[in-house]
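Enquirer: Coordinates in structure_6.txt, compact mmCIF, C-alpha atoms and all ligand atoms, are listed below.
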```txt
# COMPACT_ATOMS: atom_id res chain seq x y z
CA MET H 51 105.21 29.93 142.14
CA VAL H 52 106.69 33.15 140.84
CA LYS H 53 108.77 32.44 137.75
CA THR H 54 111.96 34.30 136.98
CA ILE H 55 113.38 32.33 134.05
CA ASP H 56 111.15 32.66 131.00
CA SER H 57 113.13 30.64 128.47
CA ARG H 58 116.38 28.87 127.69
CA HIS H 59 117.49 31.99 125.82
CA GLU H 60 117.20 34.04 129.01
CA LEU H 61 119.79 31.82 130.72
CA ASP H 62 122.00 31.56 127.65
CA LYS H 63 122.47 35.28 127.26
CA PHE H 64 124.29 35.56 130.60
CA GLY H 65 126.52 32.58 129.74
CA GLN H 66 127.28 34.06 126.34
CA TRP H 67 128.27 37.44 127.82
CA LYS H 68 130.58 35.60 130.21
CA GLU H 69 132.23 33.63 127.43
CA GLU H 70 132.73 36.79 125.40
CA GLY H 71 134.21 38.73 128.32
CA ARG H 72 131.24 41.13 128.33
CA TYR H 73 129.66 40.08 131.63
CA PRO H 74 129.00 43.26 133.67
CA TYR H 75 127.60 41.43 136.71
CA LEU H 76 128.97 40.43 140.09
CA PRO H 77 132.17 42.47 139.96
CA THR H 78 134.71 41.47 142.60
CA ILE H 79 135.33 44.50 144.76
CA THR H 80 138.80 44.99 146.20
CA LYS H 81 138.34 48.46 147.63
CA THR H 82 135.65 51.05 148.33
CA ASN H 83 136.58 54.61 149.13
CA ASP H 84 134.86 57.98 148.80
CA ASN H 85 132.76 57.68 145.66
CA TYR H 86 135.02 55.13 144.02
CA VAL H 87 134.90 51.36 143.79
CA THR H 88 137.84 49.23 142.67
CA THR H 89 137.14 45.83 141.11
CA LEU H 90 139.35 42.99 139.90
CA GLU H 91 137.72 43.18 136.46
CA ASN H 92 137.79 46.91 135.71
CA GLY H 93 140.00 48.68 138.25
CA LYS H 94 138.94 51.95 139.87
CA MET H 95 135.56 53.36 138.86
CA LEU H 96 133.40 56.29 139.90
CA MET H 97 130.41 54.66 141.62
CA PHE H 98 127.08 55.78 140.17
CA GLY H 99 125.21 52.49 140.51
CA SER H 100 124.67 52.41 144.25
CA CYS H 101 121.60 52.59 146.50
CA ASP H 102 123.71 53.94 149.39
CA TYR H 103 121.80 57.21 148.87
CA LEU H 104 123.13 59.02 151.95
CA GLY H 105 126.63 57.51 151.81
CA LEU H 106 126.15 55.97 155.26
CA SER H 107 127.78 52.60 154.55
CA GLN H 108 131.18 54.31 154.96
CA ASN H 109 130.28 56.44 157.99
CA ALA H 110 132.85 56.25 160.83
CA TYR H 111 130.32 56.61 163.71
CA ILE H 112 128.21 53.76 162.31
CA LYS H 113 131.24 51.50 161.69
CA ASN H 114 132.38 51.98 165.29
CA LYS H 115 128.96 51.11 166.70
CA SER H 116 129.01 47.92 164.65
CA ILE H 117 132.45 46.94 165.98
CA GLU H 118 131.31 47.70 169.55
CA ALA H 119 128.36 45.31 169.09
CA ILE H 120 130.70 42.48 168.07
CA GLN H 121 132.79 43.14 171.16
CA ASN H 122 129.71 43.05 173.41
CA PHE H 123 127.71 40.21 171.83
CA GLY H 124 130.03 38.28 169.47
CA THR H 125 129.36 37.59 165.82
CA ASN H 126 125.97 35.90 166.15
CA THR H 127 123.10 35.18 168.52
CA TYR H 128 122.20 31.69 169.76
CA GLY H 129 119.55 30.59 167.28
CA ALA H 130 116.26 31.71 165.67
CA GLN H 131 115.35 34.80 167.69
CA ILE H 132 111.82 33.69 168.65
CA PHE H 133 113.33 30.72 170.53
CA CYS H 134 116.76 31.96 171.56
CA GLY H 135 116.26 35.69 171.87
CA HIS H 136 117.49 38.90 170.34
CA THR H 137 119.80 41.50 171.88
CA THR H 138 118.99 44.83 173.48
CA ILE H 139 120.24 46.38 170.23
CA HIS H 140 117.60 44.53 168.18
CA LYS H 141 114.93 45.59 170.66
CA GLU H 142 116.07 49.21 170.61
CA LEU H 143 116.08 49.16 166.81
CA GLU H 144 112.48 47.92 166.69
CA ASN H 145 111.40 50.53 169.24
CA LYS H 146 113.18 53.26 167.28
CA LEU H 147 111.41 52.27 164.03
CA ALA H 148 107.98 52.24 165.71
CA PHE H 149 108.76 55.64 167.26
CA LEU H 150 109.92 57.18 163.95
CA PHE H 151 106.71 56.17 162.16
CA ASP H 152 104.55 56.81 165.23
CA LYS H 153 103.02 53.32 164.91
CA PRO H 154 102.38 50.89 167.80
CA SER H 155 104.92 48.23 166.88
CA ALA H 156 107.79 47.16 164.62
CA VAL H 157 109.61 43.94 163.82
CA ILE H 158 112.95 43.51 162.05
CA PHE H 159 114.05 40.83 159.59
CA PRO H 160 117.46 39.93 158.12
CA SER H 161 116.50 41.57 154.80
CA GLY H 162 113.79 43.58 153.07
CA MET H 163 113.01 40.51 151.02
CA ALA H 164 112.40 38.46 154.18
CA ALA H 165 110.21 41.28 155.56
CA ASN H 166 107.92 41.33 152.52
CA ILE H 167 107.67 37.56 152.37
CA GLY H 168 106.97 37.39 156.10
CA VAL H 169 104.36 40.08 156.44
CA LEU H 170 102.37 39.17 153.33
CA SER H 171 102.37 35.49 154.22
CA VAL H 172 100.48 36.25 157.46
CA LEU H 173 98.28 39.16 156.37
CA ALA H 174 95.93 37.18 154.16
CA THR H 175 94.22 33.80 153.82
CA SER H 176 92.46 31.96 151.00
CA GLU H 177 89.36 34.07 151.65
CA ASP H 178 91.18 37.29 150.75
CA VAL H 179 92.63 38.98 147.69
CA ILE H 180 96.03 40.66 147.41
CA ILE H 181 96.23 43.28 144.68
CA ASN H 182 99.70 44.20 143.41
CA ASP H 183 101.14 46.81 141.10
CA ARG H 184 102.93 44.71 138.44
CA PHE H 185 106.20 46.52 139.08
CA ASN H 186 106.20 45.66 142.79
CA HIS H 187 109.31 43.94 144.12
CA ILE H 188 109.44 40.18 143.55
CA SER H 189 109.42 39.48 147.32
CA ILE H 190 105.92 40.98 147.57
CA PHE H 191 104.64 38.50 144.99
CA MET H 192 106.43 35.67 146.83
CA GLY H 193 104.84 36.55 150.19
CA ALA H 194 101.44 37.04 148.58
CA GLU H 195 101.67 33.62 146.96
CA LEU H 196 102.64 32.03 150.27
CA SER H 197 99.54 33.48 151.96
CA GLY H 198 97.17 31.39 149.81
CA ALA H 199 95.10 34.49 148.94
CA GLN H 200 93.82 35.16 145.44
CA LEU H 201 96.45 37.23 143.59
CA ARG H 202 95.51 40.04 141.22
CA SER H 203 97.77 42.63 139.65
CA TYR H 204 97.32 45.79 137.63
CA PRO H 205 99.57 47.51 135.06
CA HIS H 206 102.05 49.88 136.71
CA ASN H 207 100.29 52.82 138.38
CA ASN H 208 97.07 52.16 136.42
CA LEU H 209 94.44 53.24 138.94
CA LYS H 210 91.47 52.56 136.67
CA LYS H 211 92.47 48.90 136.55
CA LEU H 212 93.11 48.89 140.30
CA GLU H 213 89.60 50.21 140.89
CA SER H 214 88.04 47.66 138.60
CA ILE H 215 89.83 44.83 140.47
CA LEU H 216 88.58 46.28 143.77
CA GLN H 217 85.04 46.33 142.39
CA GLN H 218 85.36 42.69 141.29
CA SER H 219 86.68 41.70 144.74
CA LEU H 220 83.84 42.90 146.94
CA ASP H 221 82.93 39.32 147.83
CA LYS H 222 86.37 38.75 149.41
CA GLN H 223 86.75 38.95 153.16
CA LYS H 224 89.79 41.24 152.90
CA ARG H 225 91.12 43.31 150.02
CA ILE H 226 94.80 44.16 150.42
CA ILE H 227 96.50 46.64 148.11
CA VAL H 228 100.31 46.44 148.05
CA VAL H 229 102.61 48.96 146.36
CA ASP H 230 106.24 49.96 146.33
CA GLY H 231 106.37 53.60 147.48
CA LEU H 232 109.26 54.31 145.10
CA PHE H 233 109.71 51.83 142.26
CA SER H 234 113.21 50.42 142.14
CA ALA H 235 113.77 50.17 138.39
CA ASP H 236 111.83 53.21 137.15
CA GLY H 237 112.41 55.66 140.01
CA ASP H 238 108.81 56.88 140.10
CA TYR H 239 106.37 57.04 143.03
CA ALA H 240 103.12 55.19 143.57
CA PRO H 241 100.30 57.82 143.53
CA LEU H 242 99.54 57.05 147.16
CA ASP H 243 97.04 59.89 147.56
CA GLU H 244 94.77 58.34 144.92
CA ILE H 245 95.46 54.78 146.05
CA CYS H 246 94.53 55.71 149.62
CA LYS H 247 91.20 57.14 148.41
CA LEU H 248 90.46 53.87 146.60
CA ALA H 249 91.49 51.84 149.65
CA LYS H 250 89.01 53.81 151.78
CA MET H 251 86.26 53.64 149.20
CA TYR H 252 86.52 49.84 148.90
CA ASN H 253 87.42 49.14 152.52
CA ALA H 254 90.83 47.73 151.53
CA MET H 255 93.96 47.40 153.63
CA LEU H 256 97.04 49.27 152.33
CA VAL H 257 100.62 48.01 152.49
CA VAL H 258 103.49 50.21 151.27
CA ASP H 259 107.07 49.03 150.71
CA GLU H 260 109.34 52.03 151.34
CA ALA H 261 112.57 50.14 150.54
CA HIS H 262 114.06 52.85 148.29
CA SER H 263 112.23 55.82 149.80
CA PHE H 264 113.10 55.34 153.48
CA GLY H 265 115.79 57.90 154.35
CA VAL H 266 115.31 59.62 151.00
CA VAL H 267 111.75 60.92 150.52
CA GLY H 268 109.63 63.09 152.81
CA PRO H 269 110.53 65.86 155.29
CA LYS H 270 111.85 63.36 157.86
CA GLY H 271 112.93 60.83 155.24
CA LEU H 272 110.22 58.36 156.21
CA GLY H 273 109.22 57.69 152.63
CA VAL H 274 106.50 58.25 150.07
CA ALA H 275 103.68 57.89 152.63
CA GLU H 276 105.23 60.77 154.57
CA HIS H 277 105.64 62.77 151.34
CA PHE H 278 101.86 62.49 150.82
CA ASN H 279 101.20 63.04 154.55
CA LEU H 280 99.49 59.67 154.71
CA ILE H 281 101.44 57.61 157.23
CA ASP H 282 98.36 57.32 159.45
CA GLU H 283 96.32 55.95 156.55
CA VAL H 284 98.76 53.19 155.65
CA ASP H 285 98.11 49.96 157.57
CA VAL H 286 101.52 48.36 157.09
CA ILE H 287 104.85 49.98 156.19
CA VAL H 288 107.68 47.74 155.04
CA GLY H 289 111.24 48.94 154.57
CA THR H 290 114.83 47.94 154.34
CA MET H 291 118.06 49.06 155.92
CA SER H 292 120.01 48.01 152.80
CA LYS H 293 119.62 51.26 150.85
CA ALA H 294 119.78 54.71 152.49
CA VAL H 295 120.43 53.29 155.95
CA GLY H 296 123.74 51.85 154.74
CA SER H 297 123.31 48.54 156.59
CA VAL H 298 121.19 45.41 155.92
CA GLY H 299 117.86 44.20 157.30
CA GLY H 300 114.16 44.60 156.64
CA PHE H 301 111.42 45.95 158.87
CA VAL H 302 107.66 46.02 159.20
CA VAL H 303 105.95 48.81 161.12
CA THR H 304 102.27 48.36 161.93
CA ASN H 305 99.89 47.44 164.77
CA SER H 306 100.89 45.09 167.59
CA GLU H 307 98.52 42.32 166.50
CA ILE H 308 100.15 41.94 163.08
CA VAL H 309 103.64 42.10 164.62
CA GLN H 310 102.74 39.33 167.07
CA LYS H 311 101.36 37.21 164.22
CA ILE H 312 104.62 37.70 162.30
CA ARG H 313 106.71 36.64 165.29
CA HIS H 314 104.94 33.26 165.46
CA TYR H 315 103.70 32.50 161.94
CA ALA H 316 105.90 34.23 159.33
CA PRO H 317 108.39 31.61 158.10
CA SER H 318 111.04 34.17 157.18
CA TYR H 319 110.97 35.30 160.84
CA THR H 320 110.39 32.05 162.75
CA SER H 321 112.58 29.78 160.63
CA SER H 322 115.53 31.98 159.74
CA ARG H 323 118.22 33.77 161.72
CA GLY H 324 117.69 37.42 162.57
CA SER H 325 120.29 40.07 161.82
CA VAL H 326 123.60 39.57 163.60
CA PRO H 327 124.31 42.12 166.39
CA ALA H 328 126.89 44.01 164.29
CA VAL H 329 124.33 44.58 161.55
CA ALA H 330 121.52 45.55 163.92
CA ALA H 331 123.92 47.98 165.62
CA ALA H 332 124.87 49.54 162.27
CA SER H 333 121.18 50.00 161.47
CA LEU H 334 120.42 51.54 164.85
CA ALA H 335 123.43 53.86 164.70
CA SER H 336 122.46 54.85 161.19
CA LEU H 337 118.92 55.77 162.25
CA GLU H 338 120.34 57.84 165.11
CA TYR H 339 122.74 59.54 162.71
CA MET H 340 119.92 60.18 160.24
CA GLU H 341 117.81 61.83 162.94
CA LYS H 342 120.60 64.37 163.45
CA GLU H 343 122.12 64.76 159.98
CA GLY H 344 119.51 63.29 157.61
CA ARG H 345 117.93 66.57 156.58
CA LYS H 346 121.27 68.00 155.47
CA LEU H 347 122.24 64.81 153.63
CA ARG H 348 118.88 64.68 151.85
CA GLU H 349 119.19 68.31 150.78
CA LYS H 350 122.48 67.49 149.05
CA LEU H 351 121.07 64.27 147.60
CA TRP H 352 118.14 66.10 146.02
CA ILE H 353 120.36 68.91 144.67
CA ASN H 354 122.53 66.27 142.95
CA THR H 355 119.47 64.38 141.72
CA GLN H 356 117.84 67.46 140.22
CA TYR H 357 121.14 68.51 138.63
CA VAL H 358 121.63 65.15 136.90
CA ILE H 359 117.99 64.88 135.74
CA ASP H 360 118.05 68.47 134.38
CA GLN H 361 121.38 67.94 132.59
CA LEU H 362 120.20 64.66 131.08
CA HIS H 363 117.06 66.36 129.76
CA THR H 364 119.08 69.30 128.42
CA HIS H 365 121.20 66.83 126.48
CA GLY H 366 118.18 64.99 125.09
CA PHE H 367 118.15 61.88 127.29
CA SER H 368 114.89 60.35 128.45
CA THR H 369 114.85 59.46 132.14
CA MET H 370 111.46 57.70 131.95
CA ASN H 371 109.17 58.93 134.77
CA THR H 372 111.77 59.17 137.49
CA CYS H 373 111.36 61.70 140.25
CA SER H 374 114.07 60.30 142.51
CA PRO H 375 117.80 59.46 142.86
CA ILE H 376 117.11 56.28 140.85
CA ILE H 377 117.64 57.51 137.29
CA PRO H 378 117.03 54.95 134.52
CA ILE H 379 118.73 55.51 131.17
CA LEU H 380 116.69 53.38 128.78
CA ILE H 381 118.78 51.53 126.18
CA GLY H 382 116.23 48.88 125.12
CA ASP H 383 117.96 45.84 123.65
CA ASP H 384 119.71 43.63 126.26
CA ASP H 385 122.85 43.14 124.22
CA LYS H 386 123.28 46.86 123.58
CA THR H 387 122.62 47.63 127.24
CA VAL H 388 125.46 45.32 128.24
CA ASN H 389 127.79 46.80 125.62
CA VAL H 390 127.14 50.34 126.84
CA ALA H 391 127.63 49.29 130.49
CA ASN H 392 130.95 47.62 129.63
CA TRP H 393 132.16 50.62 127.66
CA LEU H 394 131.33 52.93 130.58
CA MET H 395 133.20 50.64 132.99
CA LYS H 396 136.26 50.77 130.76
CA GLN H 397 136.03 54.58 130.96
CA GLY H 398 135.91 54.34 134.77
CA LEU H 399 132.18 54.75 135.42
CA PHE H 400 130.08 52.13 137.22
CA THR H 401 126.31 52.06 136.67
CA ALA H 402 123.89 49.22 137.46
CA THR H 403 123.14 47.16 134.33
CA MET H 404 119.49 46.05 134.29
CA VAL H 405 118.08 43.65 131.71
CA SER H 406 115.31 41.03 131.93
CA PRO H 407 114.32 39.40 134.25
CA ALA H 408 115.13 42.42 136.48
CA VAL H 409 113.15 44.66 134.07
CA PRO H 410 110.69 43.80 131.26
CA SER H 411 112.20 42.36 128.04
CA ASN H 412 113.65 44.96 125.69
CA LYS H 413 113.51 47.60 128.41
CA GLY H 414 117.19 47.20 129.27
CA ARG H 415 118.61 50.19 131.06
CA LEU H 416 121.47 51.59 133.08
CA ARG H 417 120.33 52.53 136.55
CA ILE H 418 122.14 55.60 137.78
CA GLY H 419 122.09 55.86 141.57
CA ILE H 420 122.75 59.33 142.96
CA THR H 421 124.12 59.83 146.47
CA SER H 422 124.51 62.83 148.76
CA THR H 423 128.29 62.36 148.66
CA HIS H 424 128.64 62.93 144.89
CA SER H 425 130.08 66.28 143.85
CA ILE H 426 128.63 68.31 140.98
CA GLU H 427 131.97 67.75 139.19
CA GLU H 428 131.41 63.97 139.43
CA CYS H 429 127.83 64.37 138.18
CA LYS H 430 129.23 66.29 135.16
CA GLN H 431 131.56 63.39 134.36
CA VAL H 432 128.56 61.06 134.19
CA ILE H 433 126.71 63.32 131.75
CA ASN H 434 129.82 63.65 129.54
CA LEU H 435 130.42 59.91 129.43
CA LEU H 436 126.76 59.14 128.69
CA GLN H 437 126.84 61.56 125.77
CA LYS H 438 129.96 59.87 124.37
CA ALA H 439 128.40 56.41 124.87
CA ARG H 440 125.25 57.52 123.05
CA ASP H 441 127.30 58.78 120.07
CA ILE H 442 129.02 55.38 119.80
CA TYR H 443 126.10 53.03 120.52
CA GLU H 444 123.17 55.14 119.27
CA PHE H 445 120.54 54.67 121.93
C1 LIG H 501 111.06 47.63 146.58
C2 LIG H 501 112.01 46.67 147.21
N1 LIG H 501 111.58 45.96 148.27
C3 LIG H 501 112.40 45.08 148.90
C4 LIG H 501 113.70 44.90 148.48
C5 LIG H 501 114.57 43.89 149.17
O1 LIG H 501 115.41 44.52 150.07
P1 LIG H 501 116.70 43.78 150.64
O2 LIG H 501 117.81 44.04 149.68
O3 LIG H 501 116.91 44.39 151.97
O4 LIG H 501 116.35 42.33 150.72
C6 LIG H 501 114.20 45.63 147.41
C7 LIG H 501 115.60 45.44 146.98
O5 LIG H 501 116.09 45.89 146.04
C8 LIG H 501 113.33 46.54 146.75
O6 LIG H 501 113.75 47.24 145.71
```
Just give me the structure of the file as structure tokens.
Expert:
Amino acid sequence: MVKTIDSRHELDKFGQWKEEGRYPYLPTITKTNDNYVTTLENGKMLMFGSCDYLGLSQNAYIKNKSIEAIQNFGTNTYGAQIFCGHTTIHKELENKLAFLFDKPSAVIFPSGMAANIGVLSVLATSEDVIINDRFNHISIFMGAELSGAQLRSYPHNNLKKLESILQQSLDKQKRIIVVDGLFSADGDYAPLDEICKLAKMYNAMLVVDEAHSFGVVGPKGLGVAEHFNLIDEVDVIVGTMSKAVGSVGGFVVTNSEIVQKIRHYAPSYTSSRGSVPAVAAASLASLEYMEKEGRKLREKLWINTQYVIDQLHTHGFSTMNTCSPIIPILIGDDDKTVNVANWLMKQGLFTATMVSPAVPSNKGRLRIGITSTHSIEECKQVINLLQKARDIYEF
């Protein structure tokens, strides 16, 4: 199975940070308002660690639709949806997703993780090979493993290696390439144009996880496949409602045959509860809202993103290869990364602290998450605080 704990030391470091009062994880939130989060541990902080890229988790229209769903359907459905049904809201949400991507069918899951595990577990068999970018989300590896297919992976965005694996896999019944559209820790895109060419050349199926790009990238916010004008070429699109959509829940958009297979054979669909009506309603309302207001929100999001990236470069920071609202500030050493994150929290700035196993060892970083609701003044505060932190901690 996929391993996440490499050594005793890996576990100890989190315990040690806790003992020393330097644990930046799992803050207890007492209040969220505008761009601020208040936690028991650090009080009120400017939120720059979020994936709520369009600020929709606080949207009044969406909140009301969620409340209305509880009033109409209660707080849960009767049982696993394949046996006990889903609501008209769930059905409408699936239809809306299929319509947005102009694909025959869609199916929703309680999370993006469940969606990846579910779809990959049914796409392949032991006669096939699944080829992953090494930086793909962990749930893709989990689903691939569950399928029983041979698993191969290539170094991040290394297309030469991808091609050589495809060449070595010509004896397999199916070759399935899986990539994140937008990589969650580095903020860069998969070069889908080139990957699509390889998929065609070697008669491989292509699966793209648009978790962080849905709502954010592309003229209609459909993701990296839309950005490259390649939606028609992608066989399976996976996504989540837990980032830009401001709700929770995963989805798979593809042909009707794969969707039907998922409904009866994917364990994360058949043997787990679906989204509760309130959550499905928030997702549906959010998609409706995005259809009307998404373009405007994305414009603001990308202005903020470009501003922060440009300012960071002007002040000598490396932002790795990001081209998105996920902006990694590489610190390196885990311990130093945690110290910088703690210092920033004490100054009233929240960023996401990422060390191994979330990122490779010694590639610790702060993940800055830009949203359309940030003001340029707030973006300036981030740059100022990062400069001060760098002077103190020398990264
Ligand atoms: C690329 C990618 N896929 C899937 C997921 C899982 O999504 P969810 O949080 O909805 O389970 C994530 C979550 O961070 C992700 O980054």
Enquirer: May I have the residues within 7 Å of region 353-356 of chain H as JSON, numbers by chain, using only C-alpha atoms and disregarding those fewer than 2 positions away in the same chain?
Expert: {"H": [349, 350, 351, 358, 359, 360, 374, 375, 420, 426]}
Enquirer: Check the smallest atom-to-atom distance from each of H:Asp243, H:Asp102, H:Glu91, H:Glu70 to ligand LIG 501 (chain H) using only C-alpha atoms and all ligand atoms, then report the winner.
Expert: H:Asp102
Enquirer: In Å, rounded to a single decimal, give me how far CA of Pro407 (chain H) is from CA of Phe64 (chain H).
Expert: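 About the pair CA of Phe64 (chain H) and CA of Pro407 (chain H): they are 11.3 Å apart.
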Enquirer: As a ChimeraX atom specification, please: the residues near Leu150 (chain H) (cut-off 12 Å, only C-alpha atoms, same-chain neighbours under 3 positions excluded).
Expert: /H:143-147,153-156,264-265,270-273,276,281,287,303-304,334,337-338,340-341
Enquirer: Which protein, DNA or RNA residues have an atom within 10 Å of ligand LIG 501 (chain H), counting all atoms listed in the file, as a ChimeraX atom specification?
Expert: /H:101,159-167,185-190,229-235,258-263,288-293,297-301
Enquirer: Counting all atoms listed in the file, which residues in region 219-250 of chain H sit no more than 12 Å from region 176-179 of chain H? For each one, give the nearest pair of atoms and the distance in Å, sorted by chain then residue number, as CSV.
Expert:
```
residue,atom,partner,partner_atom,distance
H:Ser219,CA,H:Val179,CA,7.2
H:Leu220,CA,H:Val179,CA,9.7
H:Asp221,CA,H:Asp178,CA,9.0
H:Lys222,CA,H:Asp178,CA,5.2
H:Gln223,CA,H:Asp178,CA,5.3
H:Lys224,CA,H:Asp178,CA,4.7
H:Arg225,CA,H:Val179,CA,5.1
H:Ile226,CA,H:Val179,CA,6.2
H:Ile227,CA,H:Val179,CA,8.6
H:Val228,CA,H:Val179,CA,10.7
```
Enquirer: Would you mind exporting C-alpha atoms of the selected residues as a CSV table (one decimal), in the coordinates of the input?
Expert:
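Generated file (out_28.csv):
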```csv
chain,number,residue,atom,x,y,z
H,219,SER,CA,86.7,41.7,144.7
H,220,LEU,CA,83.8,42.9,146.9
H,221,ASP,CA,82.9,39.3,147.8
H,222,LYS,CA,86.4,38.8,149.4
H,223,GLN,CA,86.8,39.0,153.2
H,224,LYS,CA,89.8,41.2,152.9
H,225,ARG,CA,91.1,43.3,150.0
H,226,ILE,CA,94.8,44.2,150.4
H,227,ILE,CA,96.5,46.6,148.1
H,228,VAL,CA,100.3,46.4,148.0
```
Enquirer: Write out as a Markdown table a residue-level contact list of region 179-286 of chain H versus region 306-322 of chain H with cut-off 10 Å: for each qualifying residue the closest pair of atoms and the distance in Å to one decimal, counting only C-alpha atoms, rows sorted by chain and residue number upward.
Expert:
```
| residue | atom | partner | partner_atom | distance |
| --- | --- | --- | --- | --- |
| H:Gly193 | CA | H:Ala316 | CA | 9.5 |
| H:Leu196 | CA | H:Pro317 | CA | 9.7 |
| H:Ser197 | CA | H:Ala316 | CA | 9.8 |
| H:Asp285 | CA | H:Ile308 | CA | 9.9 |
| H:Val286 | CA | H:Ile308 | CA | 8.9 |
```
